Amino acid sequence: MEPSLTPADVEYIREGFVPLDELCAARGQSADRVRALIAGGHLPAASYVLEDGTEMMPAEYFELVDEAGGKGSLQGLFARRYLAGGGDEDEVGSEWEGYLSGAYGVCLKRVTPENIARKSTLVAEIEGLLAAPQPEDADWQASLRVRVDELDELERPFAPHYDRARWGPSSRDRCITAARERYPEAFSASAARG
């Protein structure tokens, strides 16, 4: 069963996302046509759907498809940019599906193939560092700090209740908040000055 949006969730979503109808109206494009493309697996789904049915999208929703020159070239452009951004060739298909699901709009401040690839790399690296902690080692601290800070720059805060209710702890919870709470010395002013 899908969790319900709390008032705090709705406020967060309305502040950070744009209704699909508004995005389409600003472009002089039919929202129903875009919905058909979403249903056909050609464009990303909404990141959130409010209880009144309003589809909420990242503000840059159309940037990648515009760069591709249309839906027909979108997947190819996504794959090229994902791989050029350091993405794993074996993951292109699953990351494309993740992109189409709208989930990356939930977690990334800017949904680009490069940011999707970088997020995956950073999460894996941070999880590796946290799995083999060396909090007394200045190099380990610096490595953790740099990666956590970079991930923090890429990721949105997530809806305060809804996202965690539907997916459990977010990558922000696991890799940013938990790292900073468990190893505050790695993020202190003196550690950052190195």
# chains A, B, ... in the order shown; residues from 1 in each chain; ligands from 1
>>> select_by_dssp(residues="chain A", states="alpha helix (DSSP H)", output="ChimeraX atom specification")
/A:7-16,20-27,31-39,63-68,71-84,92-101,103-107,113-131,138-154,162-167,171-172,178-182,189-193
>>> select_by_dssp(residues="chain A", states="strand (DSSP E or B)", output="list in words")
Val18, Pro19, Tyr48, Val49, Glu55, Met56, Met57, Leu108 and Glu155 of chain A
>>> residues_around(residues="Pro160 of chain A", least_positions_apart="6", cutoff="12 Å", atoms="only C-alpha atoms", output="count of residues only")
17
>>> atom_distance(atom1="atom CA of Trp96 of chain A", atom2="atom CA of Pro113 of chain A")
8.9 Å
>>> closest_residue(among="A:Gly53, A:Gly87, A:Gly105, A:Gly69", to="Phe17 of chain A", atoms="only C-alpha atoms")
A:Gly105
>>> atom_distance(atom1="atom CA of Val65 of chain A", atom2="atom CA of Glu155 of chain A")
21.6 Å
>>> atom_distance(atom1="atom CA of Glu185 of chain A", atom2="atom CA of Cys107 of chain A")
26.6 Å
>>> residues_around(residues="Leu23 of chain A", least_positions_apart="6", cutoff="9 Å", atoms="only C-alpha atoms", output="PDB file with N, CA and C atoms, in the first residue's frame")
ATOM      1  N   GLN A  29       2.913  23.062 -25.120  1.00  0.00           N
ATOM      2  CA  GLN A  29       2.861  21.638 -25.434  1.00  0.00           C
ATOM      3  C   GLN A  29       1.671  21.009 -24.728  1.00  0.00           C
ATOM      4  N   ALA A  31      -0.146  18.628 -22.439  1.00  0.00           N
ATOM      5  CA  ALA A  31       0.162  17.769 -21.291  1.00  0.00           C
ATOM      6  C   ALA A  31      -0.345  16.352 -21.535  1.00  0.00           C
ATOM      7  N   MET A  57       6.988  17.483 -11.314  1.00  0.00           N
ATOM      8  CA  MET A  57       8.204  17.175 -12.047  1.00  0.00           C
ATOM      9  C   MET A  57       9.340  18.105 -11.635  1.00  0.00           C
ATOM     10  N   ALA A  59      12.047  20.897 -12.330  1.00  0.00           N
ATOM     11  CA  ALA A  59      11.933  22.055 -13.219  1.00  0.00           C
ATOM     12  C   ALA A  59      12.636  21.831 -14.552  1.00  0.00           C
ATOM     13  N   TYR A  61      12.804  19.186 -16.306  1.00  0.00           N
ATOM     14  CA  TYR A  61      12.251  17.942 -16.862  1.00  0.00           C
ATOM     15  C   TYR A  61      12.508  17.768 -18.359  1.00  0.00           C
ATOM     16  N   PHE A  62      12.332  18.812 -19.143  1.00  0.00           N
ATOM     17  CA  PHE A  62      12.429  18.686 -20.595  1.00  0.00           C
ATOM     18  C   PHE A  62      13.833  18.927 -21.150  1.00  0.00           C
TER      19      PHE A  62
END
>>> residues_around(residues="Pro19 of chain A", least_positions_apart="5", cutoff="10 Å", atoms="only C-alpha atoms", output="MDAnalysis selection string")
chainID A and resid 13:14 24 46 48:50 54:59
>>> write_last_selection(atoms="N, CA and C atoms", output="PDB file, in the first residue's frame")
ATOM      1  N   ILE A  13       7.283  19.210  -1.671  1.00  0.00           N
ATOM      2  CA  ILE A  13       7.100  18.912  -3.097  1.00  0.00           C
ATOM      3  C   ILE A  13       6.686  20.169  -3.859  1.00  0.00           C
ATOM      4  N   ARG A  14       5.750  20.921  -3.329  1.00  0.00           N
ATOM      5  CA  ARG A  14       5.298  22.139  -4.023  1.00  0.00           C
ATOM      6  C   ARG A  14       6.417  23.182  -4.129  1.00  0.00           C
ATOM      7  N   CYS A  24       4.223  22.095 -19.292  1.00  0.00           N
ATOM      8  CA  CYS A  24       3.756  21.957 -20.670  1.00  0.00           C
ATOM      9  C   CYS A  24       3.176  23.271 -21.188  1.00  0.00           C
ATOM     10  N   ALA A  46       6.306  11.102 -13.415  1.00  0.00           N
ATOM     11  CA  ALA A  46       6.355  12.144 -12.384  1.00  0.00           C
ATOM     12  C   ALA A  46       7.172  11.658 -11.195  1.00  0.00           C
ATOM     13  N   TYR A  48       6.626  12.851  -8.200  1.00  0.00           N
ATOM     14  CA  TYR A  48       5.581  12.749  -7.181  1.00  0.00           C
ATOM     15  C   TYR A  48       4.229  12.974  -7.843  1.00  0.00           C
ATOM     16  N   VAL A  49       3.205  12.360  -7.292  1.00  0.00           N
ATOM     17  CA  VAL A  49       1.828  12.638  -7.690  1.00  0.00           C
ATOM     18  C   VAL A  49       1.081  13.017  -6.417  1.00  0.00           C
ATOM     19  N   LEU A  50       0.571  14.237  -6.399  1.00  0.00           N
ATOM     20  CA  LEU A  50      -0.172  14.691  -5.225  1.00  0.00           C
ATOM     21  C   LEU A  50      -1.500  13.959  -5.143  1.00  0.00           C
ATOM     22  N   THR A  54      -2.184  15.708  -9.259  1.00  0.00           N
ATOM     23  CA  THR A  54      -1.219  16.594  -9.897  1.00  0.00           C
ATOM     24  C   THR A  54       0.140  15.918  -9.982  1.00  0.00           C
ATOM     25  N   GLU A  55       0.646  15.799 -11.213  1.00  0.00           N
ATOM     26  CA  GLU A  55       1.976  15.203 -11.424  1.00  0.00           C
ATOM     27  C   GLU A  55       3.019  16.290 -11.217  1.00  0.00           C
ATOM     28  N   MET A  56       3.983  16.032 -10.330  1.00  0.00           N
ATOM     29  CA  MET A  56       5.015  17.012 -10.000  1.00  0.00           C
ATOM     30  C   MET A  56       6.357  16.555 -10.566  1.00  0.00           C
ATOM     31  N   MET A  57       6.988  17.483 -11.314  1.00  0.00           N
ATOM     32  CA  MET A  57       8.204  17.175 -12.047  1.00  0.00           C
ATOM     33  C   MET A  57       9.340  18.105 -11.635  1.00  0.00           C
ATOM     34  N   PRO A  58      10.591  17.662 -11.837  1.00  0.00           N
ATOM     35  CA  PRO A  58      11.707  18.595 -11.663  1.00  0.00           C
ATOM     36  C   PRO A  58      11.591  19.724 -12.686  1.00  0.00           C
ATOM     37  N   ALA A  59      12.047  20.897 -12.330  1.00  0.00           N
ATOM     38  CA  ALA A  59      11.933  22.055 -13.219  1.00  0.00           C
ATOM     39  C   ALA A  59      12.636  21.831 -14.552  1.00  0.00           C
TER      40      ALA A  59
END
>>> residues_around(residues="Ile116 of chain A", least_positions_apart="3", cutoff="9 Å", atoms="only C-alpha atoms", output="list in words")
Tyr82, Gly85, Gly87, Glu95, Tyr99, Tyr104, Leu108, Val111, Thr112, Pro113, Lys119, Ser120 and Thr121 of chain A
>>> write_last_selection(atoms="N, CA and C atoms", output="short mmCIF file (atom, residue, chain, number, x, y, z; two decimals), in the first residue's frame")
data_model
loop_
_atom_site.label_atom_id
_atom_site.label_comp_id
_atom_site.auth_asym_id
_atom_site.auth_seq_id
_atom_site.Cartn_x
_atom_site.Cartn_y
_atom_site.Cartn_z
N TYR A 82 25.68 9.09 -19.88
CA TYR A 82 25.87 8.28 -18.67
C TYR A 82 27.24 7.63 -18.69
N GLY A 85 30.04 10.07 -18.31
CA GLY A 85 30.08 10.54 -16.93
C GLY A 85 30.64 9.52 -15.95
N GLY A 87 29.62 6.19 -15.84
CA GLY A 87 28.68 5.13 -15.53
C GLY A 87 29.16 3.77 -16.02
N GLU A 95 19.74 1.86 -15.32
CA GLU A 95 19.71 3.29 -14.99
C GLU A 95 18.73 4.03 -15.90
N TYR A 99 15.71 6.21 -14.60
CA TYR A 99 15.43 7.55 -15.12
C TYR A 99 13.96 7.67 -15.54
N TYR A 104 14.81 9.41 -10.08
CA TYR A 104 15.98 10.28 -9.98
C TYR A 104 15.59 11.74 -9.77
N LEU A 108 17.85 13.65 -7.00
CA LEU A 108 18.88 14.53 -7.53
C LEU A 108 18.38 15.95 -7.73
N VAL A 111 18.62 16.34 -12.66
CA VAL A 111 18.58 14.99 -13.21
C VAL A 111 19.31 14.98 -14.55
N THR A 112 20.57 14.58 -14.51
CA THR A 112 21.36 14.42 -15.72
C THR A 112 21.97 13.02 -15.69
N PRO A 113 22.30 12.46 -16.84
CA PRO A 113 22.95 11.14 -16.84
C PRO A 113 24.26 11.15 -16.07
N LYS A 119 26.28 9.82 -8.74
CA LYS A 119 25.61 9.43 -7.49
C LYS A 119 25.88 7.96 -7.19
N SER A 120 25.75 7.10 -8.18
CA SER A 120 25.99 5.67 -7.97
C SER A 120 27.41 5.40 -7.50
N THR A 121 28.37 6.08 -8.13
CA THR A 121 29.77 5.92 -7.75
C THR A 121 30.00 6.38 -6.32
#
